[in-house]
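Undergrad: mmCIF, C-alpha atoms, saved as structure15.cif, coming up:
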data_entry
loop_
_atom_site.label_atom_id
_atom_site.label_comp_id
_atom_site.auth_asym_id
_atom_site.auth_seq_id
_atom_site.Cartn_x
_atom_site.Cartn_y
_atom_site.Cartn_z
CA MET A 189 -62.90 14.23 33.84
CA ARG A 190 -62.69 16.45 30.79
CA VAL A 191 -64.50 19.25 32.62
CA GLU A 192 -62.04 18.96 35.46
CA ILE A 193 -59.08 19.42 33.11
CA VAL A 194 -60.72 22.46 31.55
CA LYS A 195 -61.35 23.93 34.99
CA LYS A 196 -57.69 23.45 35.93
CA VAL A 197 -56.54 25.17 32.73
CA LEU A 198 -58.88 28.10 33.41
CA GLN A 199 -57.84 28.31 37.08
CA SER A 200 -54.19 28.41 36.13
CA ASN A 201 -54.99 31.07 33.51
CA ASP A 202 -56.93 33.13 36.06
CA ASN A 203 -53.98 33.09 38.44
CA ALA A 204 -51.66 34.40 35.72
CA ALA A 205 -54.30 37.00 34.70
CA ASN A 206 -54.51 38.29 38.27
CA GLU A 207 -50.72 38.59 38.36
CA ASN A 208 -50.83 40.54 35.09
CA ARG A 209 -53.54 42.90 36.34
CA ALA A 210 -51.63 43.59 39.57
CA ARG A 211 -48.52 44.33 37.54
CA PHE A 212 -50.42 46.64 35.15
CA ASP A 213 -51.98 48.50 38.07
CA ALA A 214 -48.65 48.95 39.84
CA ALA A 215 -47.14 50.28 36.59
CA GLY A 216 -50.13 52.56 35.88
CA VAL A 217 -50.70 51.03 32.45
CA THR A 218 -54.15 50.35 30.98
CA CYS A 219 -54.48 47.00 29.23
CA ILE A 220 -57.12 46.41 26.56
CA ASN A 221 -58.05 43.01 25.15
CA LEU A 222 -59.25 43.35 21.54
CA LEU A 223 -61.40 40.41 20.43
CA GLY A 224 -63.38 39.36 17.37
CA GLY A 225 -63.65 36.80 14.60
CA ALA A 226 -61.09 36.34 11.84
CA GLY A 227 -61.35 39.13 9.31
CA CYS A 228 -63.61 41.42 11.35
CA GLY A 229 -60.99 44.16 11.11
CA LYS A 230 -59.14 44.17 14.45
CA THR A 231 -55.76 45.06 12.98
CA THR A 232 -57.33 47.61 10.63
CA LEU A 233 -59.02 49.18 13.67
CA LEU A 234 -55.60 49.49 15.29
CA GLU A 235 -54.19 51.04 12.12
CA ALA A 236 -57.01 53.60 12.17
CA THR A 237 -56.83 54.21 15.95
CA LEU A 238 -53.16 54.26 16.96
CA PRO A 239 -52.05 57.27 14.86
CA ARG A 240 -54.78 59.32 16.57
CA LEU A 241 -53.68 58.31 20.09
CA THR A 242 -49.92 58.58 20.01
CA ASP A 243 -49.68 62.20 21.16
CA GLY A 244 -47.65 61.74 24.33
CA LEU A 245 -49.09 58.30 25.08
CA ARG A 246 -46.64 55.43 25.40
CA ILE A 247 -48.35 52.55 23.58
CA ALA A 248 -47.45 48.98 22.71
CA VAL A 249 -49.39 46.20 21.00
CA PHE A 250 -49.24 42.45 21.56
CA GLU A 251 -50.45 40.58 18.49
CA GLY A 252 -51.93 37.11 18.97
CA ASP A 253 -51.71 34.83 15.96
CA LEU A 254 -51.52 31.17 15.10
CA ALA A 255 -48.66 31.17 12.70
CA THR A 256 -47.60 34.45 11.08
CA THR A 257 -46.16 37.81 12.12
CA ARG A 258 -48.21 39.78 9.57
CA ASP A 259 -50.32 41.72 12.05
CA ALA A 260 -47.33 42.67 14.21
CA GLU A 261 -45.60 43.96 11.07
CA ARG A 262 -48.63 46.11 10.23
CA VAL A 263 -48.59 47.64 13.72
CA ALA A 264 -44.82 48.12 13.75
CA ALA A 265 -45.15 49.96 10.42
CA LEU A 266 -47.06 52.66 12.37
CA GLY A 267 -44.04 53.16 14.61
CA VAL A 268 -45.75 51.47 17.57
CA PRO A 269 -43.77 48.73 19.35
CA ALA A 270 -45.37 45.35 18.64
CA VAL A 271 -44.70 41.90 20.07
CA GLN A 272 -46.02 38.83 18.30
CA LEU A 273 -47.50 36.18 20.58
CA LEU A 274 -47.66 32.98 18.54
CA THR A 275 -50.09 30.36 19.84
CA ASP A 276 -48.65 27.61 17.63
CA GLY A 277 -52.07 26.73 16.24
CA GLY A 278 -53.89 27.43 19.51
CA CYS A 279 -57.20 29.24 19.19
CA HIS A 280 -56.84 31.89 21.92
CA LEU A 281 -54.31 33.87 23.91
CA THR A 282 -53.63 33.01 27.53
CA ALA A 283 -52.49 35.19 30.41
CA THR A 284 -49.25 33.18 30.47
CA LEU A 285 -48.54 34.05 26.85
CA VAL A 286 -49.10 37.71 27.73
CA GLN A 287 -46.48 37.28 30.47
CA GLU A 288 -44.02 36.16 27.81
CA GLY A 289 -44.75 39.39 25.95
CA LEU A 290 -44.14 41.39 29.13
CA GLN A 291 -40.59 40.02 29.17
CA ARG A 292 -40.05 41.89 25.89
CA ILE A 293 -41.77 45.17 26.78
CA ALA A 294 -42.11 46.08 30.45
CA PRO A 295 -45.46 47.61 31.50
CA GLU A 296 -43.55 50.27 33.46
CA GLU A 297 -42.56 51.80 30.09
CA LEU A 298 -46.16 52.12 28.88
CA ASP A 299 -49.44 54.00 29.35
CA LEU A 300 -51.50 51.72 27.13
CA LEU A 301 -51.06 48.09 26.15
CA ILE A 302 -53.44 46.71 23.53
CA VAL A 303 -53.56 42.94 23.14
CA GLU A 304 -55.09 41.84 19.86
CA ASN A 305 -56.43 38.35 20.38
CA VAL A 306 -56.56 35.46 17.90
CA GLY A 307 -59.36 35.83 15.32
CA ASN A 308 -62.11 33.77 16.89
CA LEU A 309 -65.53 34.71 18.31
CA ILE A 310 -65.55 31.86 20.81
CA CYS A 311 -62.53 30.62 22.75
CA PRO A 312 -60.72 33.91 23.52
CA ALA A 313 -63.76 35.11 25.50
CA SER A 314 -63.14 32.41 28.14
CA PHE A 315 -59.58 33.53 28.91
CA ASP A 316 -58.94 36.54 31.14
CA LEU A 317 -55.59 38.07 30.20
CA GLY A 318 -55.53 40.53 33.11
CA GLU A 319 -56.97 43.33 30.93
CA HIS A 320 -58.90 46.31 32.28
CA ALA A 321 -61.36 46.39 29.38
CA ARG A 322 -62.45 44.17 26.52
CA ILE A 323 -63.38 45.54 23.13
CA ALA A 324 -65.35 43.19 20.85
CA VAL A 325 -65.18 43.83 17.10
CA LEU A 326 -67.78 42.56 14.62
CA SER A 327 -68.01 43.25 10.90
CA VAL A 328 -71.49 43.92 9.52
CA ALA A 329 -70.74 41.19 6.95
CA GLU A 330 -70.83 38.66 9.82
CA GLY A 331 -74.51 39.31 10.52
CA HIS A 332 -76.52 40.87 13.33
CA ASP A 333 -77.35 37.50 14.92
CA LYS A 334 -73.85 36.92 16.28
CA PRO A 335 -74.47 38.09 19.90
CA VAL A 336 -77.24 35.50 20.21
CA LYS A 337 -75.13 32.73 18.69
CA TYR A 338 -71.84 33.62 20.41
CA PRO A 339 -73.02 35.24 23.64
CA LEU A 340 -69.93 35.17 25.87
CA MET A 341 -67.85 37.60 23.79
CA PHE A 342 -70.67 40.16 23.75
CA THR A 343 -71.50 39.64 27.43
CA LEU A 344 -67.98 40.21 28.73
CA CYS A 345 -66.97 43.46 27.06
CA GLU A 346 -66.99 47.17 27.77
CA ALA A 347 -67.43 48.30 24.17
CA ILE A 348 -68.40 46.82 20.82
CA ILE A 349 -67.12 48.08 17.48
CA VAL A 350 -69.52 47.33 14.63
CA ASN A 351 -67.05 47.63 11.77
CA LYS A 352 -67.29 47.91 7.97
CA ILE A 353 -70.47 50.00 8.06
CA ASP A 354 -69.45 51.14 4.55
CA MET A 355 -70.73 47.67 3.54
CA LEU A 356 -74.16 48.12 5.18
CA SER A 357 -75.88 48.85 1.87
CA LEU A 358 -74.85 45.43 0.53
CA SER A 359 -75.54 43.48 3.72
CA ASP A 360 -78.69 42.36 5.54
CA PHE A 361 -77.30 43.58 8.86
CA ASP A 362 -80.15 44.87 11.06
CA MET A 363 -78.60 47.38 13.47
CA ALA A 364 -81.70 47.63 15.68
CA ALA A 365 -81.85 43.83 16.05
CA PHE A 366 -78.14 43.78 16.86
CA GLN A 367 -78.53 46.46 19.52
CA ARG A 368 -81.48 44.60 21.08
CA ALA A 369 -79.46 41.37 21.16
CA VAL A 370 -76.54 43.09 22.86
CA THR A 371 -78.79 44.80 25.41
CA GLY A 372 -80.24 41.40 26.29
CA LEU A 373 -76.76 40.24 27.27
CA ASN A 374 -74.95 43.32 28.41
CA GLN A 375 -76.50 46.66 29.39
CA LYS A 376 -73.24 48.49 29.95
CA ALA A 377 -71.44 47.92 26.64
CA ARG A 378 -71.12 51.00 24.42
CA ILE A 379 -71.68 50.25 20.73
CA PHE A 380 -69.72 52.20 18.12
CA GLN A 381 -70.64 51.94 14.44
CA VAL A 382 -67.50 52.60 12.42
CA SER A 383 -65.83 52.13 9.08
CA CYS A 384 -62.09 51.91 9.53
CA LYS A 385 -61.86 52.31 5.76
CA THR A 386 -63.76 55.60 5.39
CA GLY A 387 -63.17 56.87 8.94
CA GLU A 388 -66.91 57.20 9.60
CA GLY A 389 -67.77 56.89 13.29
CA MET A 390 -64.14 56.82 14.44
CA ASP A 391 -64.42 60.06 16.45
CA GLY A 392 -66.89 58.59 18.95
CA TRP A 393 -64.78 55.50 19.53
CA ILE A 394 -61.55 57.51 19.95
CA SER A 395 -63.23 59.90 22.43
CA TRP A 396 -64.53 56.99 24.47
CA LEU A 397 -61.13 55.27 24.50
CA GLU A 398 -59.36 58.47 25.54
CA SER A 399 -61.85 59.08 28.33
CA GLU A 400 -61.38 55.48 29.53
CA LEU A 401 -57.63 56.13 29.68
CA ARG A 402 -58.07 59.42 31.56
CA ASN A 403 -60.49 57.94 34.10
CA ARG A 404 -58.49 54.88 35.02
CA MET B 44 -48.47 17.58 30.25
CA ARG B 45 -50.90 19.85 28.43
CA VAL B 46 -49.80 18.45 25.06
CA GLU B 47 -50.43 14.94 26.32
CA ILE B 48 -54.01 15.81 27.31
CA VAL B 49 -54.64 17.37 23.91
CA LYS B 50 -53.23 14.28 22.19
CA LYS B 51 -55.54 12.01 24.22
CA VAL B 52 -58.59 14.11 23.33
CA LEU B 53 -57.66 14.01 19.63
CA GLN B 54 -56.95 10.25 19.75
CA SER B 55 -60.33 9.56 21.32
CA ASN B 56 -61.95 11.80 18.70
CA ASP B 57 -60.13 10.00 15.88
CA ASN B 58 -61.42 6.64 17.13
CA ALA B 59 -65.00 7.91 17.08
CA ALA B 60 -64.44 9.50 13.65
CA ASN B 61 -63.23 6.19 12.25
CA GLU B 62 -66.33 4.47 13.65
CA ASN B 63 -68.50 7.13 12.00
CA ARG B 64 -66.76 6.74 8.64
CA ALA B 65 -67.14 2.96 8.72
CA ARG B 66 -70.81 3.38 9.52
CA PHE B 67 -71.31 5.94 6.73
CA ASP B 68 -69.55 3.66 4.24
CA ALA B 69 -71.59 0.63 5.24
CA ALA B 70 -74.79 2.68 4.84
CA GLY B 71 -73.68 4.19 1.51
CA VAL B 72 -74.11 7.74 2.76
CA THR B 73 -71.73 10.59 1.91
CA CYS B 74 -70.86 12.84 4.83
CA ILE B 75 -69.69 16.41 4.30
CA ASN B 76 -68.17 18.63 6.99
CA LEU B 77 -68.94 22.29 6.31
CA LEU B 78 -66.52 24.65 8.04
CA GLY B 79 -65.85 28.38 8.23
CA GLY B 80 -65.81 31.39 10.51
CA ALA B 81 -68.87 32.87 12.18
CA GLY B 82 -70.94 34.80 9.66
CA CYS B 83 -69.18 33.54 6.52
CA GLY B 84 -72.52 32.23 5.23
CA LYS B 85 -72.50 28.47 5.90
CA THR B 86 -76.23 28.24 6.67
CA THR B 87 -77.07 30.58 3.78
CA LEU B 88 -75.03 28.31 1.51
CA LEU B 89 -77.16 25.38 2.68
CA GLU B 90 -80.32 27.39 2.05
CA ALA B 91 -79.12 28.10 -1.51
CA THR B 92 -77.86 24.55 -2.13
CA LEU B 93 -80.34 22.11 -0.58
CA PRO B 94 -83.39 23.04 -2.71
CA ARG B 95 -81.32 22.30 -5.82
CA LEU B 96 -80.25 18.84 -4.56
CA THR B 97 -83.39 17.35 -3.13
CA ASP B 98 -84.56 15.63 -6.32
CA GLY B 99 -84.55 12.00 -5.16
CA LEU B 100 -81.66 12.50 -2.73
CA ARG B 101 -82.27 11.66 0.91
CA ILE B 102 -80.52 14.46 2.82
CA ALA B 103 -80.14 15.45 6.46
CA VAL B 104 -78.21 18.25 8.14
CA PHE B 105 -76.54 18.30 11.54
CA GLU B 106 -76.15 21.84 12.81
CA GLY B 107 -73.33 22.59 15.24
CA ASP B 108 -73.88 25.57 17.51
CA LEU B 109 -72.88 26.86 20.91
CA ALA B 110 -76.22 27.81 22.28
CA THR B 111 -79.15 28.30 19.88
CA THR B 112 -81.22 26.23 17.46
CA ARG B 113 -81.54 29.05 14.90
CA ASP B 114 -79.57 27.39 12.11
CA ALA B 115 -81.40 24.07 12.49
CA GLU B 116 -84.69 25.95 12.24
CA ARG B 117 -83.54 27.62 9.00
CA VAL B 118 -82.67 24.21 7.49
CA ALA B 119 -85.86 22.55 8.74
CA ALA B 120 -87.83 25.36 7.08
CA LEU B 121 -86.57 23.98 3.75
CA GLY B 122 -88.18 20.62 4.54
CA VAL B 123 -84.81 18.97 5.18
CA PRO B 124 -84.46 17.00 8.44
CA ALA B 125 -82.11 18.84 10.79
CA VAL B 126 -80.59 17.85 14.11
CA GLN B 127 -79.05 20.48 16.36
CA LEU B 128 -75.76 19.49 17.97
CA LEU B 129 -75.19 21.90 20.86
CA THR B 130 -71.61 22.17 22.07
CA ASP B 131 -72.58 24.01 25.28
CA GLY B 132 -70.11 26.79 24.60
CA GLY B 133 -67.51 24.47 23.03
CA CYS B 134 -65.78 25.84 19.96
CA HIS B 135 -65.95 22.83 17.63
CA LEU B 136 -67.91 19.67 16.89
CA THR B 137 -66.49 16.28 17.82
CA ALA B 138 -67.02 12.87 16.25
CA THR B 139 -68.75 11.81 19.48
CA LEU B 140 -71.27 14.63 19.18
CA VAL B 141 -71.96 13.47 15.60
CA GLN B 142 -72.66 10.01 17.04
CA GLU B 143 -75.33 11.57 19.24
CA GLY B 144 -76.90 13.00 16.11
CA LEU B 145 -76.82 9.58 14.45
CA GLN B 146 -79.08 8.31 17.24
CA ARG B 147 -81.71 10.73 15.94
CA ILE B 148 -81.30 10.11 12.19
CA ALA B 149 -79.78 6.80 11.08
CA PRO B 150 -77.27 6.99 8.20
CA GLU B 151 -79.03 4.03 6.56
CA GLU B 152 -81.94 6.38 5.77
CA LEU B 153 -79.74 8.88 3.95
CA ASP B 154 -77.70 9.52 0.79
CA LEU B 155 -76.11 12.74 2.01
CA LEU B 156 -75.39 14.02 5.50
CA ILE B 157 -74.08 17.57 5.79
CA VAL B 158 -72.60 18.57 9.13
CA GLU B 159 -72.38 22.34 9.58
CA ASN B 160 -69.64 22.98 12.09
CA VAL B 161 -69.44 25.73 14.72
CA GLY B 162 -68.49 29.13 13.25
CA ASN B 163 -64.75 29.21 13.81
CA LEU B 164 -61.80 29.19 11.41
CA ILE B 165 -59.50 27.42 13.85
CA CYS B 166 -60.54 24.65 16.21
CA PRO B 167 -63.00 22.66 14.04
CA ALA B 168 -60.21 21.97 11.54
CA SER B 169 -58.42 19.78 14.11
CA PHE B 170 -61.37 17.43 14.66
CA ASP B 171 -62.13 14.68 12.15
CA LEU B 172 -65.85 13.88 12.30
CA GLY B 173 -65.63 10.85 10.00
CA GLU B 174 -66.60 12.95 6.96
CA HIS B 175 -65.69 12.06 3.38
CA ALA B 176 -65.07 15.64 2.33
CA ARG B 177 -64.55 19.02 3.96
CA ILE B 178 -65.86 22.22 2.46
CA ALA B 179 -64.33 25.46 3.78
CA VAL B 180 -66.39 28.63 3.43
CA LEU B 181 -64.91 32.14 3.52
CA SER B 182 -66.65 35.46 2.96
CA VAL B 183 -64.76 38.03 0.88
CA ALA B 184 -65.36 40.46 3.76
CA GLU B 185 -62.97 38.35 5.88
CA GLY B 186 -60.01 39.13 3.63
CA HIS B 187 -57.80 37.18 1.23
CA ASP B 188 -55.04 36.65 3.82
CA LYS B 189 -56.99 34.09 5.83
CA PRO B 190 -55.38 30.91 4.36
CA VAL B 191 -51.97 32.20 5.44
CA LYS B 192 -53.16 33.14 8.91
CA TYR B 193 -55.40 30.10 9.52
CA PRO B 194 -53.72 27.44 7.40
CA LEU B 195 -55.16 24.18 8.73
CA MET B 196 -58.74 24.76 7.56
CA PHE B 197 -57.58 25.56 4.03
CA THR B 198 -55.07 22.69 3.96
CA LEU B 199 -57.53 19.98 4.96
CA CYS B 200 -60.41 20.52 2.57
CA GLU B 201 -61.62 19.29 -0.79
CA ALA B 202 -63.33 22.51 -1.85
CA ILE B 203 -63.43 26.16 -0.82
CA ILE B 204 -66.44 28.41 -1.24
CA VAL B 205 -65.48 32.08 -1.52
CA ASN B 206 -68.84 33.56 -0.58
CA LYS B 207 -70.43 37.02 -0.78
CA ILE B 208 -68.73 37.93 -4.07
CA ASP B 209 -71.56 40.45 -4.48
CA MET B 210 -69.55 42.45 -1.90
CA LEU B 211 -66.29 42.32 -3.89
CA SER B 212 -66.69 45.89 -5.16
CA LEU B 213 -66.69 47.20 -1.57
CA SER B 214 -63.90 44.96 -0.27
CA ASP B 215 -60.14 44.80 -0.75
CA PHE B 216 -60.28 41.06 -1.36
CA ASP B 217 -57.56 40.07 -3.87
CA MET B 218 -58.79 36.86 -5.51
CA ALA B 219 -55.44 36.12 -7.21
CA ALA B 220 -53.58 36.47 -3.90
CA PHE B 221 -56.17 34.22 -2.24
CA GLN B 222 -55.77 31.56 -4.92
CA ARG B 223 -51.98 31.69 -4.64
CA ALA B 224 -52.20 31.31 -0.85
CA VAL B 225 -54.50 28.29 -1.17
CA THR B 226 -52.28 26.66 -3.80
CA GLY B 227 -49.33 27.03 -1.44
CA LEU B 228 -51.18 24.90 1.13
CA ASN B 229 -53.40 22.62 -0.88
CA GLN B 230 -53.11 21.85 -4.59
CA LYS B 231 -56.22 19.70 -4.84
CA ALA B 232 -58.89 22.02 -3.40
CA ARG B 233 -61.39 23.38 -5.90
CA ILE B 234 -62.26 27.04 -5.34
CA PHE B 235 -65.79 28.26 -6.10
CA GLN B 236 -66.57 31.98 -6.14
CA VAL B 237 -70.23 32.38 -5.25
CA SER B 238 -72.85 34.74 -3.98
CA CYS B 239 -75.54 32.84 -2.12
CA LYS B 240 -77.55 36.06 -2.23
CA THR B 241 -77.57 36.63 -6.00
CA GLY B 242 -76.99 33.00 -7.03
CA GLU B 243 -73.87 33.90 -9.02
CA GLY B 244 -71.41 30.99 -9.25
CA MET B 245 -73.77 28.48 -7.63
CA ASP B 246 -73.99 26.27 -10.76
CA GLY B 247 -70.31 25.29 -10.63
CA TRP B 248 -70.47 24.40 -6.94
CA ILE B 249 -73.68 22.38 -7.33
CA SER B 250 -72.24 20.44 -10.31
CA TRP B 251 -69.10 19.63 -8.36
CA LEU B 252 -71.09 18.47 -5.32
CA GLU B 253 -73.35 16.29 -7.45
CA SER B 254 -70.39 14.72 -9.21
CA GLU B 255 -68.74 14.04 -5.82
CA LEU B 256 -71.92 12.25 -4.75
CA ARG B 257 -72.10 10.20 -7.97
CA ASN B 258 -68.44 9.17 -7.83
CA ARG B 259 -68.39 8.01 -4.25
#
Translate the structure described by the file into structure tokens.
TA:
Amino acid sequence: MRVEIVKKVLQSNDNAANENRARFDAAGVTCINLLGGAGCGKTTLLEATLPRLTDGLRIAVFEGDLATTRDAERVAALGVPAVQLLTDGGCHLTATLVQEGLQRIAPEELDLLIVENVGNLICPASFDLGEHARIAVLSVAEGHDKPVKYPLMFTLCEAIIVNKIDMLSLSDFDMAAFQRAVTGLNQKARIFQVSCKTGEGMDGWISWLESELRNR
Amino acid sequence: MRVEIVKKVLQSNDNAANENRARFDAAGVTCINLLGGAGCGKTTLLEATLPRLTDGLRIAVFEGDLATTRDAERVAALGVPAVQLLTDGGCHLTATLVQEGLQRIAPEELDLLIVENVGNLICPASFDLGEHARIAVLSVAEGHDKPVKYPLMFTLCEAIIVNKIDMLSLSDFDMAAFQRAVTGLNQKARIFQVSCKTGEGMDGWISWLESELRNR
């Protein structure tokens, strides 16, 4: 019975996600779903990325959060339009919640829409939002074993940002073990080692993102 | 309709949690629910804590995980009985899953049962397992704003472990802001600043835990 309810929720989400994707495609906008645990640095990644992309690109950000508008305020401070999607305590965004955001900013006015999901390595991975690509973010402080323990997020993504590499010297993070674990789940995902704080590694990630936007 | 389903799931969980608590009380065992995001150091905290508690105490650990038995193996390596509770992709433990664990290790054989929840700052906080106390773990790498952004976990807990303080010099974690945020949600929670890696701060946490066990 419980499984059946879950399936119905996911089916209804998938229908809304397919509507979103069709709308994005018709409008020529690329939608990216940014996922990762609480505190892995998703908003900081946006703060380090968006100023380098804005040249001529029309960008907006949807910020998923349980209760506050803090992340949307950080994005808006960069001069990028931001819409807060509040889940009211819920642990993931849904395609329907994204549709509410699209009532505030129409995809026809954009080239790139980034949806920052709720900070959670688990539930958001099960919910298609209609995105074209998923980016998973992990901080080295979280440990290299996370792909094995939380496989879905690292299986369903086009790129992985290993963030806070400025902390590598103080952590036990084993990059080779991490890369092996990812390869066991997902051969196509590109892995970028970055520090949003020092800027190290950001060039590779920005180039990849720009080429994704050009090739879509 | 969706809210009603959620309410029914929580009601059924609460009934099982109350059964668990009654069983723990009758057996004279203290049950602790250990919560926190993925990679905050919950299992490492157990590795640093259990060897200091074992003197005469009968302890077992239930390890909540999505898919692997890695954490249970780490606890068993300490000589402490461990039962893996696999959620099959689910993002939190339930009181019913704890009951399955109790079929493997009876509470009557124990003084202390520690249940390590799934790594997730959100969903586990909504599910009472029948525990007597909740311990929330946060790594300084996750940021001091987490109580504001994920309030339930920090509202419903008796103690908070701020872990990985050996990384403080490389992080922007503002301990005073964190303490203010916690106090705004929860006046009773004790906050322990520790590094499971260096051992710093562990004495205060161990003393508190031992006094909790004596006073129950």
Undergrad: Starting from the PyMOL selection byres ((chain A) within 10 of (chain B)), expand the selection into actual residues of this file and give them as a PyMOL selection string.
TA: chain A and resi 190+193+197+224-229+253-259+277-280+306-311+314+326-334+336-340+352+354-355+357-359+385
Undergrad: Please, what distance in Å, to one decimal, runs between atom CA of Val158 of chain B and atom CA of Leu252 of chain B?
TA: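 Going from atom CA of Val158 of chain B over to atom CA of Leu252 of chain B covers 14.5 Å.
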Undergrad: Env of segment 341-344 of chain A: 6 Å cut, atoms = only C-alpha atoms, seq-sep filter 2 positions within chain, self excluded. Answer as a list of chain:residue names.
TA: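 Once the nearby chain positions are removed, what remains is A:Ala313, A:Pro335, A:Pro339, A:Leu373, A:Asn374.
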Undergrad: Specify as a count of residues only each residue included when the PyMOL selection byres ((chain B and resi 232) around 10) is applied to this file.
TA: 19
Undergrad: Of the residues B:Asp215, B:Glu243, B:Glu152, B:Glu253, which is the one nearest to Gly71 of chain B, using all atoms listed in the file?
TA: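 Among the listed residues, the smallest separation from Gly71 of chain B belongs to B:Glu152.
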Undergrad: Between A:Leu290, A:Cys384, A:Val263, A:Ile353, which one has atoms that come closest to Arg209 of chain A, using only C-alpha atoms?
TA: A:Leu290
Undergrad: So which residues get picked by the PyMOL selection byres ((chain A and resi 262) around 12) here, written as a VMD selection string?
TA: chain A and resid 230 to 236 238 249 to 251 256 to 261 263 to 272
Undergrad: Which polymer residues, whether protein, DNA or RNA, lie within 12 Å of the coordinate (-53.0, 39.3, 36.2) when you count all atoms listed in the file? List them as a list in words, using the chain letters and numbers from the file.
TA: Ser200, Asn201, Asp202, Asn203, Ala204, Ala205, Asn206, Glu207, Asn208, Arg209, Ala210, Arg211, Phe212, Asp213, Ala214, Cys219, Thr282, Ala283, Thr284, Leu285, Val286, Gln287, Leu290, Phe315, Asp316, Leu317, Gly318, Glu319 and His320 of chain A
Undergrad: Write the residues of the selection above to a file with C-alpha atoms, as a PDB file, keeping the file's coordinate frame.
TA:
ATOM      1  CA  SER A 200     -54.190  28.410  36.130  1.00  0.00           C
ATOM      2  CA  ASN A 201     -54.990  31.070  33.510  1.00  0.00           C
ATOM      3  CA  ASP A 202     -56.930  33.130  36.060  1.00  0.00           C
ATOM      4  CA  ASN A 203     -53.980  33.090  38.440  1.00  0.00           C
ATOM      5  CA  ALA A 204     -51.660  34.400  35.720  1.00  0.00           C
ATOM      6  CA  ALA A 205     -54.300  37.000  34.700  1.00  0.00           C
ATOM      7  CA  ASN A 206     -54.510  38.290  38.270  1.00  0.00           C
ATOM      8  CA  GLU A 207     -50.720  38.590  38.360  1.00  0.00           C
ATOM      9  CA  ASN A 208     -50.830  40.540  35.090  1.00  0.00           C
ATOM     10  CA  ARG A 209     -53.540  42.900  36.340  1.00  0.00           C
ATOM     11  CA  ALA A 210     -51.630  43.590  39.570  1.00  0.00           C
ATOM     12  CA  ARG A 211     -48.520  44.330  37.540  1.00  0.00           C
ATOM     13  CA  PHE A 212     -50.420  46.640  35.150  1.00  0.00           C
ATOM     14  CA  ASP A 213     -51.980  48.500  38.070  1.00  0.00           C
ATOM     15  CA  ALA A 214     -48.650  48.950  39.840  1.00  0.00           C
ATOM     16  CA  CYS A 219     -54.480  47.000  29.230  1.00  0.00           C
ATOM     17  CA  THR A 282     -53.630  33.010  27.530  1.00  0.00           C
ATOM     18  CA  ALA A 283     -52.490  35.190  30.410  1.00  0.00           C
ATOM     19  CA  THR A 284     -49.250  33.180  30.470  1.00  0.00           C
ATOM     20  CA  LEU A 285     -48.540  34.050  26.850  1.00  0.00           C
ATOM     21  CA  VAL A 286     -49.100  37.710  27.730  1.00  0.00           C
ATOM     22  CA  GLN A 287     -46.480  37.280  30.470  1.00  0.00           C
ATOM     23  CA  LEU A 290     -44.140  41.390  29.130  1.00  0.00           C
ATOM     24  CA  PHE A 315     -59.580  33.530  28.910  1.00  0.00           C
ATOM     25  CA  ASP A 316     -58.940  36.540  31.140  1.00  0.00           C
ATOM     26  CA  LEU A 317     -55.590  38.070  30.200  1.00  0.00           C
ATOM     27  CA  GLY A 318     -55.530  40.530  33.110  1.00  0.00           C
ATOM     28  CA  GLU A 319     -56.970  43.330  30.930  1.00  0.00           C
ATOM     29  CA  HIS A 320     -58.900  46.310  32.280  1.00  0.00           C
TER      30      HIS A 320
END
Undergrad: I need the residue nearest Pro150 of chain B from this list: B:Val72, B:Pro94, B:Leu129, B:Val205. Use only C-alpha atoms for the distance.
TA: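 Selected residue with least distance to Pro150 of chain B: B:Val72.
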Undergrad: Could you state the separation of atom CA of Ile394 of chain A and atom CA of Thr237 of chain A in Å, given to one decimal place?
TA: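 Separation between atom CA of Ile394 of chain A and atom CA of Thr237 of chain A: 7.0 Å.
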Undergrad: What is the distance, in Å and to one decimal place, between atom CA of Leu241 of chain A and atom CA of Leu273 of chain A?
TA: 23.0 Å
Undergrad: Edge lengths and centre, in Å to one decimal, as JSON: that's what I need for the box along x, y and z that holds all listed atoms of segment 225-237 of chain B plus 4 Å on each side.
TA:
{"center_x": -59.8, "center_y": 26.0, "center_z": -2.5, "size_x": 28.9, "size_y": 20.7, "size_z": 15.3}
